[in-house]
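Here's final.cif, which has mmCIF, C-alpha atoms:
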```cif
data_protein
#
loop_
_atom_site.group_PDB
_atom_site.id
_atom_site.type_symbol
_atom_site.label_atom_id
_atom_site.label_comp_id
_atom_site.auth_asym_id
_atom_site.auth_seq_id
_atom_site.Cartn_x
_atom_site.Cartn_y
_atom_site.Cartn_z
ATOM 1 C CA MET P 24 -10.621 -59.618 -24.950
ATOM 2 C CA LYS P 25 -13.590 -58.723 -27.117
ATOM 3 C CA ILE P 26 -15.981 -61.634 -27.635
ATOM 4 C CA LYS P 27 -17.450 -62.124 -31.101
ATOM 5 C CA THR P 28 -20.079 -64.429 -32.451
ATOM 6 C CA MET P 29 -19.328 -65.310 -36.061
ATOM 7 C CA VAL P 30 -21.368 -67.291 -38.509
ATOM 8 C CA GLU P 31 -19.990 -69.142 -41.486
ATOM 9 C CA LEU P 32 -22.557 -69.543 -44.247
ATOM 10 C CA VAL P 33 -23.174 -73.123 -45.262
ATOM 11 C CA LEU P 34 -25.166 -74.364 -48.194
ATOM 12 C CA GLY P 35 -28.136 -76.642 -48.381
ATOM 13 C CA GLY P 36 -27.999 -79.780 -50.493
ATOM 14 C CA ASN P 37 -28.568 -79.904 -54.230
ATOM 15 C CA GLY P 38 -31.940 -80.928 -55.550
ATOM 16 C CA SER P 39 -32.289 -83.936 -57.820
ATOM 17 C CA SER P 40 -34.751 -84.998 -60.477
ATOM 18 C CA TYR P 41 -36.728 -86.662 -57.670
ATOM 19 C CA SER P 42 -36.593 -84.193 -54.797
ATOM 20 C CA GLY P 43 -35.840 -80.637 -53.735
ATOM 21 C CA GLY P 44 -32.567 -79.950 -51.902
ATOM 22 C CA CYS P 45 -32.224 -80.323 -48.130
ATOM 23 C CA GLY P 46 -31.552 -77.486 -45.716
ATOM 24 C CA SER P 47 -28.241 -77.007 -43.901
ATOM 25 C CA GLY P 48 -28.053 -77.287 -40.117
ATOM 26 C CA GLY P 49 -28.231 -74.255 -37.838
ATOM 27 C CA GLY P 50 -25.019 -72.944 -36.267
ATOM 28 C CA ASN P 51 -24.864 -71.310 -32.827
ATOM 29 C CA LEU P 52 -21.239 -70.627 -31.881
ATOM 30 C CA ASN P 53 -19.404 -68.196 -29.654
ATOM 31 C CA LEU P 54 -15.751 -69.198 -29.711
ATOM 32 C CA TYR P 55 -13.812 -65.937 -29.355
ATOM 33 C CA GLY P 56 -13.917 -65.098 -33.031
ATOM 34 C CA VAL P 57 -13.526 -68.626 -34.415
ATOM 35 C CA ALA P 58 -15.916 -68.870 -37.348
ATOM 36 C CA GLY P 59 -18.275 -71.785 -37.748
ATOM 37 C CA GLY P 60 -21.754 -72.498 -38.942
ATOM 38 C CA GLY P 61 -24.061 -75.465 -38.938
ATOM 39 C CA ALA P 62 -23.197 -78.516 -40.945
ATOM 40 C CA PRO P 63 -24.054 -78.345 -44.641
ATOM 41 C CA ALA P 64 -26.511 -80.772 -46.125
ATOM 42 C CA LEU P 65 -24.443 -83.375 -47.919
ATOM 43 C CA PRO P 66 -24.401 -83.356 -51.726
ATOM 44 C CA ASN P 67 -26.622 -86.028 -53.296
ATOM 45 C CA CYS P 68 -28.023 -86.861 -49.865
ATOM 46 C CA SER P 69 -31.618 -86.588 -48.716
ATOM 47 C CA THR P 70 -30.892 -85.948 -45.012
ATOM 48 C CA GLY P 71 -30.847 -82.378 -43.701
ATOM 49 C CA GLY P 72 -27.627 -80.951 -42.237
ATOM 50 C CA LEU P 73 -26.796 -81.429 -38.560
ATOM 51 C CA GLY P 74 -27.056 -78.536 -36.121
ATOM 52 C CA ARG P 75 -23.773 -77.343 -34.567
ATOM 53 C CA VAL P 76 -23.215 -75.541 -31.274
ATOM 54 C CA GLY P 77 -20.013 -74.281 -29.698
ATOM 55 C CA ARG P 78 -18.779 -72.445 -26.631
ATOM 56 C CA ALA P 79 -15.400 -71.113 -25.602
ATOM 57 C CA LYS P 80 -16.053 -71.605 -21.876
ATOM 58 C CA THR P 81 -18.105 -74.040 -19.845
ATOM 59 C CA THR P 82 -19.532 -71.207 -17.739
ATOM 60 C CA TRP P 83 -21.535 -69.617 -20.558
ATOM 61 C CA VAL P 84 -25.208 -70.083 -21.108
ATOM 62 C CA GLY P 85 -26.381 -73.122 -23.064
ATOM 63 C CA ARG P 86 -26.661 -72.995 -26.847
ATOM 64 C CA THR P 87 -29.087 -74.756 -29.178
ATOM 65 C CA ALA P 88 -29.189 -75.178 -32.968
ATOM 66 C CA GLY P 89 -31.787 -76.868 -35.128
ATOM 67 C CA GLY P 90 -31.124 -79.453 -37.812
ATOM 68 C CA GLY P 91 -31.864 -78.767 -41.476
ATOM 69 C CA THR P 92 -35.056 -79.859 -43.209
ATOM 70 C CA GLY P 93 -34.779 -83.080 -45.237
ATOM 71 C CA ASN P 94 -35.809 -86.705 -45.617
ATOM 72 C CA PRO P 95 -35.406 -87.043 -42.680
ATOM 73 C CA GLY P 96 -34.535 -83.741 -41.034
ATOM 74 C CA GLY P 97 -31.013 -83.422 -39.618
ATOM 75 C CA THR P 98 -30.400 -83.845 -35.900
ATOM 76 C CA GLY P 99 -30.069 -80.629 -33.878
ATOM 77 C CA ALA P 100 -27.457 -79.793 -31.246
ATOM 78 C CA TYR P 101 -27.348 -78.567 -27.645
ATOM 79 C CA THR P 102 -24.608 -77.718 -25.184
ATOM 80 C CA TYR P 103 -24.744 -76.445 -21.626
ATOM 81 C CA SER P 104 -21.680 -77.636 -19.750
ATOM 82 C CA ILE P 105 -19.171 -78.561 -22.462
ATOM 83 C CA ALA P 106 -16.758 -76.174 -24.196
ATOM 84 C CA GLY P 107 -15.941 -76.692 -27.860
ATOM 85 C CA HIS P 108 -17.889 -77.870 -30.926
ATOM 86 C CA ILE P 109 -20.777 -80.314 -30.669
ATOM 87 C CA LEU P 110 -22.507 -81.608 -33.777
ATOM 88 C CA GLY P 111 -25.897 -83.315 -34.010
ATOM 89 C CA ASN P 112 -26.392 -84.551 -30.435
ATOM 90 C CA ALA P 113 -29.980 -83.434 -29.726
ATOM 91 C CA PRO P 114 -32.864 -85.171 -31.542
ATOM 92 C CA GLU P 115 -35.343 -82.835 -29.815
ATOM 93 C CA TYR P 116 -33.984 -80.022 -32.021
ATOM 94 C CA SER P 117 -34.159 -82.026 -35.262
ATOM 95 C CA GLY P 118 -35.210 -80.414 -38.512
ATOM 96 C CA THR P 119 -38.569 -80.912 -40.183
ATOM 97 C CA ASN P 120 -39.067 -83.950 -42.429
ATOM 98 C CA GLY P 121 -39.765 -83.370 -46.121
ATOM 99 C CA THR P 122 -38.694 -81.737 -49.367
ATOM 100 C CA GLY P 123 -40.470 -80.779 -52.556
ATOM 101 C CA GLY P 124 -41.187 -83.981 -54.482
ATOM 102 C CA LEU P 125 -41.501 -85.116 -58.068
ATOM 103 C CA LEU P 126 -44.793 -84.977 -59.975
ATOM 104 C CA VAL P 127 -44.988 -86.361 -63.528
ATOM 105 C CA ILE P 128 -48.236 -86.408 -65.513
ATOM 106 C CA VAL P 129 -48.512 -87.876 -69.019
ATOM 107 C CA SER P 130 -51.970 -87.442 -70.485
ATOM 108 C CA ASN P 131 -53.944 -86.891 -73.664
ATOM 109 C CA ARG P 132 -55.808 -83.902 -72.157
ATOM 110 C CA PHE P 133 -54.923 -81.746 -69.130
ATOM 111 C CA ASN P 134 -57.592 -79.767 -67.263
ATOM 112 C CA ASN P 135 -56.308 -78.482 -63.904
ATOM 113 C CA ILE P 136 -59.052 -76.597 -62.075
ATOM 114 C CA GLY P 137 -57.115 -76.675 -58.802
ATOM 115 C CA LYS P 138 -53.466 -76.657 -57.834
ATOM 116 C CA CYS P 139 -50.511 -78.941 -58.592
ATOM 117 C CA GLU P 140 -47.749 -78.441 -56.055
ATOM 118 C CA ALA P 141 -44.345 -79.821 -55.118
ATOM 119 C CA ASN P 142 -43.338 -77.188 -52.576
ATOM 120 C CA GLY P 143 -40.420 -77.354 -50.156
ATOM 121 C CA ILE P 144 -40.981 -77.551 -46.411
ATOM 122 C CA GLN P 145 -40.503 -74.770 -43.865
ATOM 123 C CA ALA P 146 -37.829 -75.426 -41.243
ATOM 124 C CA SER P 147 -38.912 -75.975 -37.655
ATOM 125 C CA ASN P 148 -38.259 -73.157 -35.202
ATOM 126 C CA TYR P 149 -36.429 -75.478 -32.771
ATOM 127 C CA GLY P 150 -33.252 -74.080 -31.306
ATOM 128 C CA ASP P 151 -31.945 -70.550 -31.021
ATOM 129 C CA CYS P 152 -30.543 -70.860 -34.561
ATOM 130 C CA THR P 153 -32.656 -72.968 -36.866
ATOM 131 C CA GLY P 154 -31.674 -75.126 -39.796
ATOM 132 C CA GLY P 155 -32.532 -74.239 -43.370
ATOM 133 C CA SER P 156 -35.799 -75.027 -45.142
ATOM 134 C CA SER P 157 -35.909 -77.509 -48.022
ATOM 135 C CA GLY P 158 -36.136 -76.741 -51.708
ATOM 136 C CA GLY P 159 -39.058 -77.039 -54.075
ATOM 137 C CA GLY P 160 -39.413 -80.122 -56.229
ATOM 138 C CA SER P 161 -40.175 -80.726 -59.890
ATOM 139 C CA ILE P 162 -43.494 -80.742 -61.758
ATOM 140 C CA ASN P 163 -43.405 -82.196 -65.283
ATOM 141 C CA ILE P 164 -46.549 -82.415 -67.390
ATOM 142 C CA PHE P 165 -46.605 -83.898 -70.909
ATOM 143 C CA VAL P 166 -49.935 -83.676 -72.759
ATOM 144 C CA ASN P 167 -51.450 -83.524 -76.217
ATOM 145 C CA LYS P 168 -54.006 -80.838 -75.357
ATOM 146 C CA ILE P 169 -54.036 -78.269 -72.524
ATOM 147 C CA GLU P 170 -57.526 -77.166 -71.532
ATOM 148 C CA GLU P 171 -56.646 -75.337 -68.298
ATOM 149 C CA LYS P 172 -53.209 -75.046 -66.658
ATOM 150 C CA GLY P 173 -54.516 -74.017 -63.255
ATOM 151 C CA ILE P 174 -52.048 -73.154 -60.501
ATOM 152 C CA MET P 175 -48.680 -74.891 -60.351
ATOM 153 C CA GLU P 176 -46.147 -74.349 -57.563
ATOM 154 C CA SER P 177 -42.685 -75.692 -56.798
ATOM 155 C CA ASN P 178 -41.601 -73.037 -54.299
ATOM 156 C CA GLY P 179 -38.844 -73.457 -51.743
ATOM 157 C CA GLY P 180 -39.856 -73.698 -48.095
ATOM 158 C CA ILE P 181 -39.996 -70.329 -46.335
ATOM 159 C CA ARG P 182 -37.520 -69.728 -43.509
ATOM 160 C CA ALA P 183 -38.489 -70.525 -39.945
ATOM 161 C CA GLU P 184 -40.318 -67.958 -37.852
ATOM 162 C CA ASP P 185 -39.951 -67.365 -34.142
ATOM 163 C CA THR P 186 -43.307 -67.530 -32.380
ATOM 164 C CA SER P 187 -42.017 -66.939 -28.843
ATOM 165 C CA GLY P 188 -40.457 -63.457 -29.112
ATOM 166 C CA ARG P 189 -36.803 -64.472 -28.556
ATOM 167 C CA SER P 190 -34.611 -61.474 -29.443
ATOM 168 C CA TRP P 191 -31.653 -63.816 -30.032
ATOM 169 C CA PHE P 192 -33.480 -66.103 -32.482
ATOM 170 C CA VAL P 193 -31.704 -66.570 -35.849
ATOM 171 C CA PRO P 194 -33.636 -68.332 -38.624
ATOM 172 C CA GLY P 195 -31.970 -70.520 -41.244
ATOM 173 C CA GLY P 196 -32.352 -69.751 -44.919
ATOM 174 C CA ALA P 197 -35.314 -70.371 -47.187
ATOM 175 C CA GLY P 198 -35.213 -73.315 -49.581
ATOM 176 C CA GLY P 199 -34.567 -72.691 -53.270
ATOM 177 C CA ASN P 200 -37.364 -72.874 -55.816
ATOM 178 C CA GLY P 201 -37.872 -75.993 -57.897
ATOM 179 C CA SER P 202 -39.035 -76.246 -61.500
ATOM 180 C CA THR P 203 -42.326 -76.553 -63.349
ATOM 181 C CA THR P 204 -42.584 -77.718 -66.940
ATOM 182 C CA ILE P 205 -45.769 -78.189 -68.934
ATOM 183 C CA GLY P 206 -45.803 -78.864 -72.618
ATOM 184 C CA THR P 207 -47.509 -80.474 -75.543
ATOM 185 C CA ILE P 208 -46.195 -83.288 -77.683
ATOM 186 C CA ASP P 209 -46.773 -82.956 -81.411
ATOM 187 C CA THR P 210 -45.340 -85.477 -83.878
ATOM 188 C CA GLY P 211 -42.739 -86.566 -81.335
ATOM 189 C CA THR P 212 -41.551 -83.019 -80.442
ATOM 190 C CA PHE P 213 -42.016 -81.393 -77.018
ATOM 191 C CA TYR P 214 -43.201 -77.755 -77.009
ATOM 192 C CA ASN P 215 -42.806 -75.902 -73.722
ATOM 193 C CA GLN P 216 -46.074 -74.200 -72.729
ATOM 194 C CA ASN P 217 -44.947 -72.502 -69.477
#
```

Would you kindly transcribe this structure into structure tokens?
Amino acid sequence: MKIKTMVELVLGGNGSSYSGGCGSGGGNLNLYGVAGGGAPALPNCSTGGLGRVGRAKTTWVGRTAGGGTGNPGGTGAYTYSIAGHILGNAPEYSGTNGTGGLLVIVSNRFNNIGKCEANGIQASNYGDCTGGSSGGGSINIFVNKIEEKGIMESNGGIRAEDTSGRSWFVPGGAGGNGSTTIGTIDTGTFYNQN
């Protein structure tokens, strides 16, 4: 019988007006062709997805999967002597805490000589298959006069990187980008100045 490792793609959570979306959990399964990925981040939930591991036989090498990034990060998973699916049983493989946040500025004048950022968070590299990174947040600036916009970022977290040279390492996905809005208000009307 030919042994296959299959991965089912799972999505991270949706962002909200207050926070970027959470990353899904990592999936590390080898169940004779039975598909399965990590657990998705739940819709309208701030917690990252749980890691999922699975084995067809108890004699195979242990498997680890990281949790997704979120508030807090999802719990990872590990199996060494149990066949079948295991979900979120290993806190030591938990995902990173954090998502892109919400920044709202209402001002008469705006002079940004630095950087405004609400970036997502990179997933940890825990586990052989990591969870996903979190999404960027939302920057909203309402002003009467813009002197200098400066740099504004609401990027999704970049995917995890392996720093130990594991040839079997599989990173989770990058977080999606958030949104940035800057505009002036003139006689009660908002004019987008992006």

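Checking P:Tyr41, P:Tyr149, P:Phe133, P:Phe192 one by one against Thr207 in chain P, counting all atoms listed in the file, you find the shortest gap at P:Phe133.
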
Can you write out as CSV which residues of range 112-133 of chain P fall within 12 Å of range 159-163 of chain P, alongside each residue's closest atom pair and its distance in Å to one decimal, counting all atoms listed in the file and ordering rows by chain and ascending residue number?
```
residue,atom,partner,partner_atom,distance
P:Gly121,CA,P:Gly159,CA,10.2
P:Thr122,CA,P:Gly159,CA,6.7
P:Gly123,CA,P:Gly160,CA,3.9
P:Gly124,CA,P:Gly160,CA,4.6
P:Leu125,CA,P:Ser161,CA,4.9
P:Leu126,CA,P:Ile162,CA,4.8
P:Val127,CA,P:Asn163,CA,4.8
P:Ile128,CA,P:Asn163,CA,6.4
P:Val129,CA,P:Asn163,CA,8.5
P:Ser130,CA,P:Asn163,CA,11.3
```

message = For the provided coordinates, the residues matched by the PyMOL selection byres ((chain P and resi 118) around 10) should be stated as a ChimeraX atom specification.
response = /P:46-49,70-74,88-99,114-117,119-121,145-150,153-157

Next, write the just-selected residues to a file, as a JSON list (two decimals), in the coordinates of the input, keeping C-alpha atoms as the atom set.
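Done, and the output landed in out11.json:
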```json
[["chain", "number", "residue", "atom", "x", "y", "z"],
["P", 46, "GLY", "CA", -31.55, -77.49, -45.72],
["P", 47, "SER", "CA", -28.24, -77.01, -43.90],
["P", 48, "GLY", "CA", -28.05, -77.29, -40.12],
["P", 49, "GLY", "CA", -28.23, -74.26, -37.84],
["P", 70, "THR", "CA", -30.89, -85.95, -45.01],
["P", 71, "GLY", "CA", -30.85, -82.38, -43.70],
["P", 72, "GLY", "CA", -27.63, -80.95, -42.24],
["P", 73, "LEU", "CA", -26.80, -81.43, -38.56],
["P", 74, "GLY", "CA", -27.06, -78.54, -36.12],
["P", 88, "ALA", "CA", -29.19, -75.18, -32.97],
["P", 89, "GLY", "CA", -31.79, -76.87, -35.13],
["P", 90, "GLY", "CA", -31.12, -79.45, -37.81],
["P", 91, "GLY", "CA", -31.86, -78.77, -41.48],
["P", 92, "THR", "CA", -35.06, -79.86, -43.21],
["P", 93, "GLY", "CA", -34.78, -83.08, -45.24],
["P", 94, "ASN", "CA", -35.81, -86.70, -45.62],
["P", 95, "PRO", "CA", -35.41, -87.04, -42.68],
["P", 96, "GLY", "CA", -34.53, -83.74, -41.03],
["P", 97, "GLY", "CA", -31.01, -83.42, -39.62],
["P", 98, "THR", "CA", -30.40, -83.84, -35.90],
["P", 99, "GLY", "CA", -30.07, -80.63, -33.88],
["P", 114, "PRO", "CA", -32.86, -85.17, -31.54],
["P", 115, "GLU", "CA", -35.34, -82.84, -29.82],
["P", 116, "TYR", "CA", -33.98, -80.02, -32.02],
["P", 117, "SER", "CA", -34.16, -82.03, -35.26],
["P", 119, "THR", "CA", -38.57, -80.91, -40.18],
["P", 120, "ASN", "CA", -39.07, -83.95, -42.43],
["P", 121, "GLY", "CA", -39.76, -83.37, -46.12],
["P", 145, "GLN", "CA", -40.50, -74.77, -43.86],
["P", 146, "ALA", "CA", -37.83, -75.43, -41.24],
["P", 147, "SER", "CA", -38.91, -75.97, -37.66],
["P", 148, "ASN", "CA", -38.26, -73.16, -35.20],
["P", 149, "TYR", "CA", -36.43, -75.48, -32.77],
["P", 150, "GLY", "CA", -33.25, -74.08, -31.31],
["P", 153, "THR", "CA", -32.66, -72.97, -36.87],
["P", 154, "GLY", "CA", -31.67, -75.13, -39.80],
["P", 155, "GLY", "CA", -32.53, -74.24, -43.37],
["P", 156, "SER", "CA", -35.80, -75.03, -45.14],
["P", 157, "SER", "CA", -35.91, -77.51, -48.02]]
```

Which residues are close to Gly158 in chain P, i.e. within 8 Å by only C-alpha atoms, leaving aside same-chain residues fewer than 5 positions away? Reply as a short mmCIF file (atom, residue, chain, number, x, y, z; two decimals) with C-alpha atoms, in the frame of the given file.
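The resulting file, part.cif, is reproduced below:
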```cif
data_model
loop_
_atom_site.label_atom_id
_atom_site.label_comp_id
_atom_site.auth_asym_id
_atom_site.auth_seq_id
_atom_site.Cartn_x
_atom_site.Cartn_y
_atom_site.Cartn_z
CA GLY P 38 -31.94 -80.93 -55.55
CA GLY P 43 -35.84 -80.64 -53.74
CA GLY P 44 -32.57 -79.95 -51.90
CA CYS P 45 -32.22 -80.32 -48.13
CA GLY P 46 -31.55 -77.49 -45.72
CA THR P 122 -38.69 -81.74 -49.37
CA GLY P 123 -40.47 -80.78 -52.56
CA ASN P 142 -43.34 -77.19 -52.58
CA GLY P 143 -40.42 -77.35 -50.16
CA ILE P 144 -40.98 -77.55 -46.41
CA ASN P 178 -41.60 -73.04 -54.30
CA GLY P 179 -38.84 -73.46 -51.74
CA GLY P 180 -39.86 -73.70 -48.10
CA ALA P 197 -35.31 -70.37 -47.19
CA GLY P 198 -35.21 -73.32 -49.58
CA GLY P 199 -34.57 -72.69 -53.27
CA ASN P 200 -37.36 -72.87 -55.82
CA GLY P 201 -37.87 -75.99 -57.90
#
```

request  = Go through P:Cys152, P:Val193, P:Ile181, P:Cys139 one by one, measure the shortest atom-to-atom distance of each to Arg86 in chain P using only C-alpha atoms, and give the residue with the smallest value.
outcome  = P:Cys152

query = P:Ile208, P:Ala100, P:Ile136, P:Gly50: which is nearest Lys172 in chain P, counting only C-alpha atoms?
reply = P:Ile136

Quick one: 8 Å padding each side, axis-aligned, all listed atoms of range 151-161 of chain P - centre and edge lengths in Å to one decimal, as lines of an AutoDock Vina configuration file?
```
center_x = -35.4
center_y = -75.6
center_z = -45.5
size_x = 25.6
size_y = 26.2
size_z = 44.9
```

request  = For Lys168 in chain P, work out the shell of residues within 12 Å, counting all atoms listed in the file and skipping chain neighbours fewer than 2 positions away, then give it as a list in words.
outcome  =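 These residues fall inside the cut-off: Val129, Ser130, Asn131, Arg132, Phe133, Asn134, Asn135, Ile164, Phe165, Val166, Glu170, Glu171, Lys172, Ile205, Gly206, Thr207, Ile208, Asp209, Tyr214 and Gln216 of chain P.
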
key: Between CA of Thr87 in chain P and CA of Pro194 in chain P, distance in Å (one decimal)   =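 Answer for the CA of Thr87 in chain P to CA of Pro194 in chain P separation: 12.3 Å.
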
ask   = Which value, in Å to one decimal, gives the distance between CA of Ala141 in chain P and CA of Met175 in chain P?
value =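 CA of Met175 in chain P lies at a distance of 8.4 Å from CA of Ala141 in chain P.
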
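You will find CA of Ser187 in chain P at 21.8 Å from CA of Arg75 in chain P.
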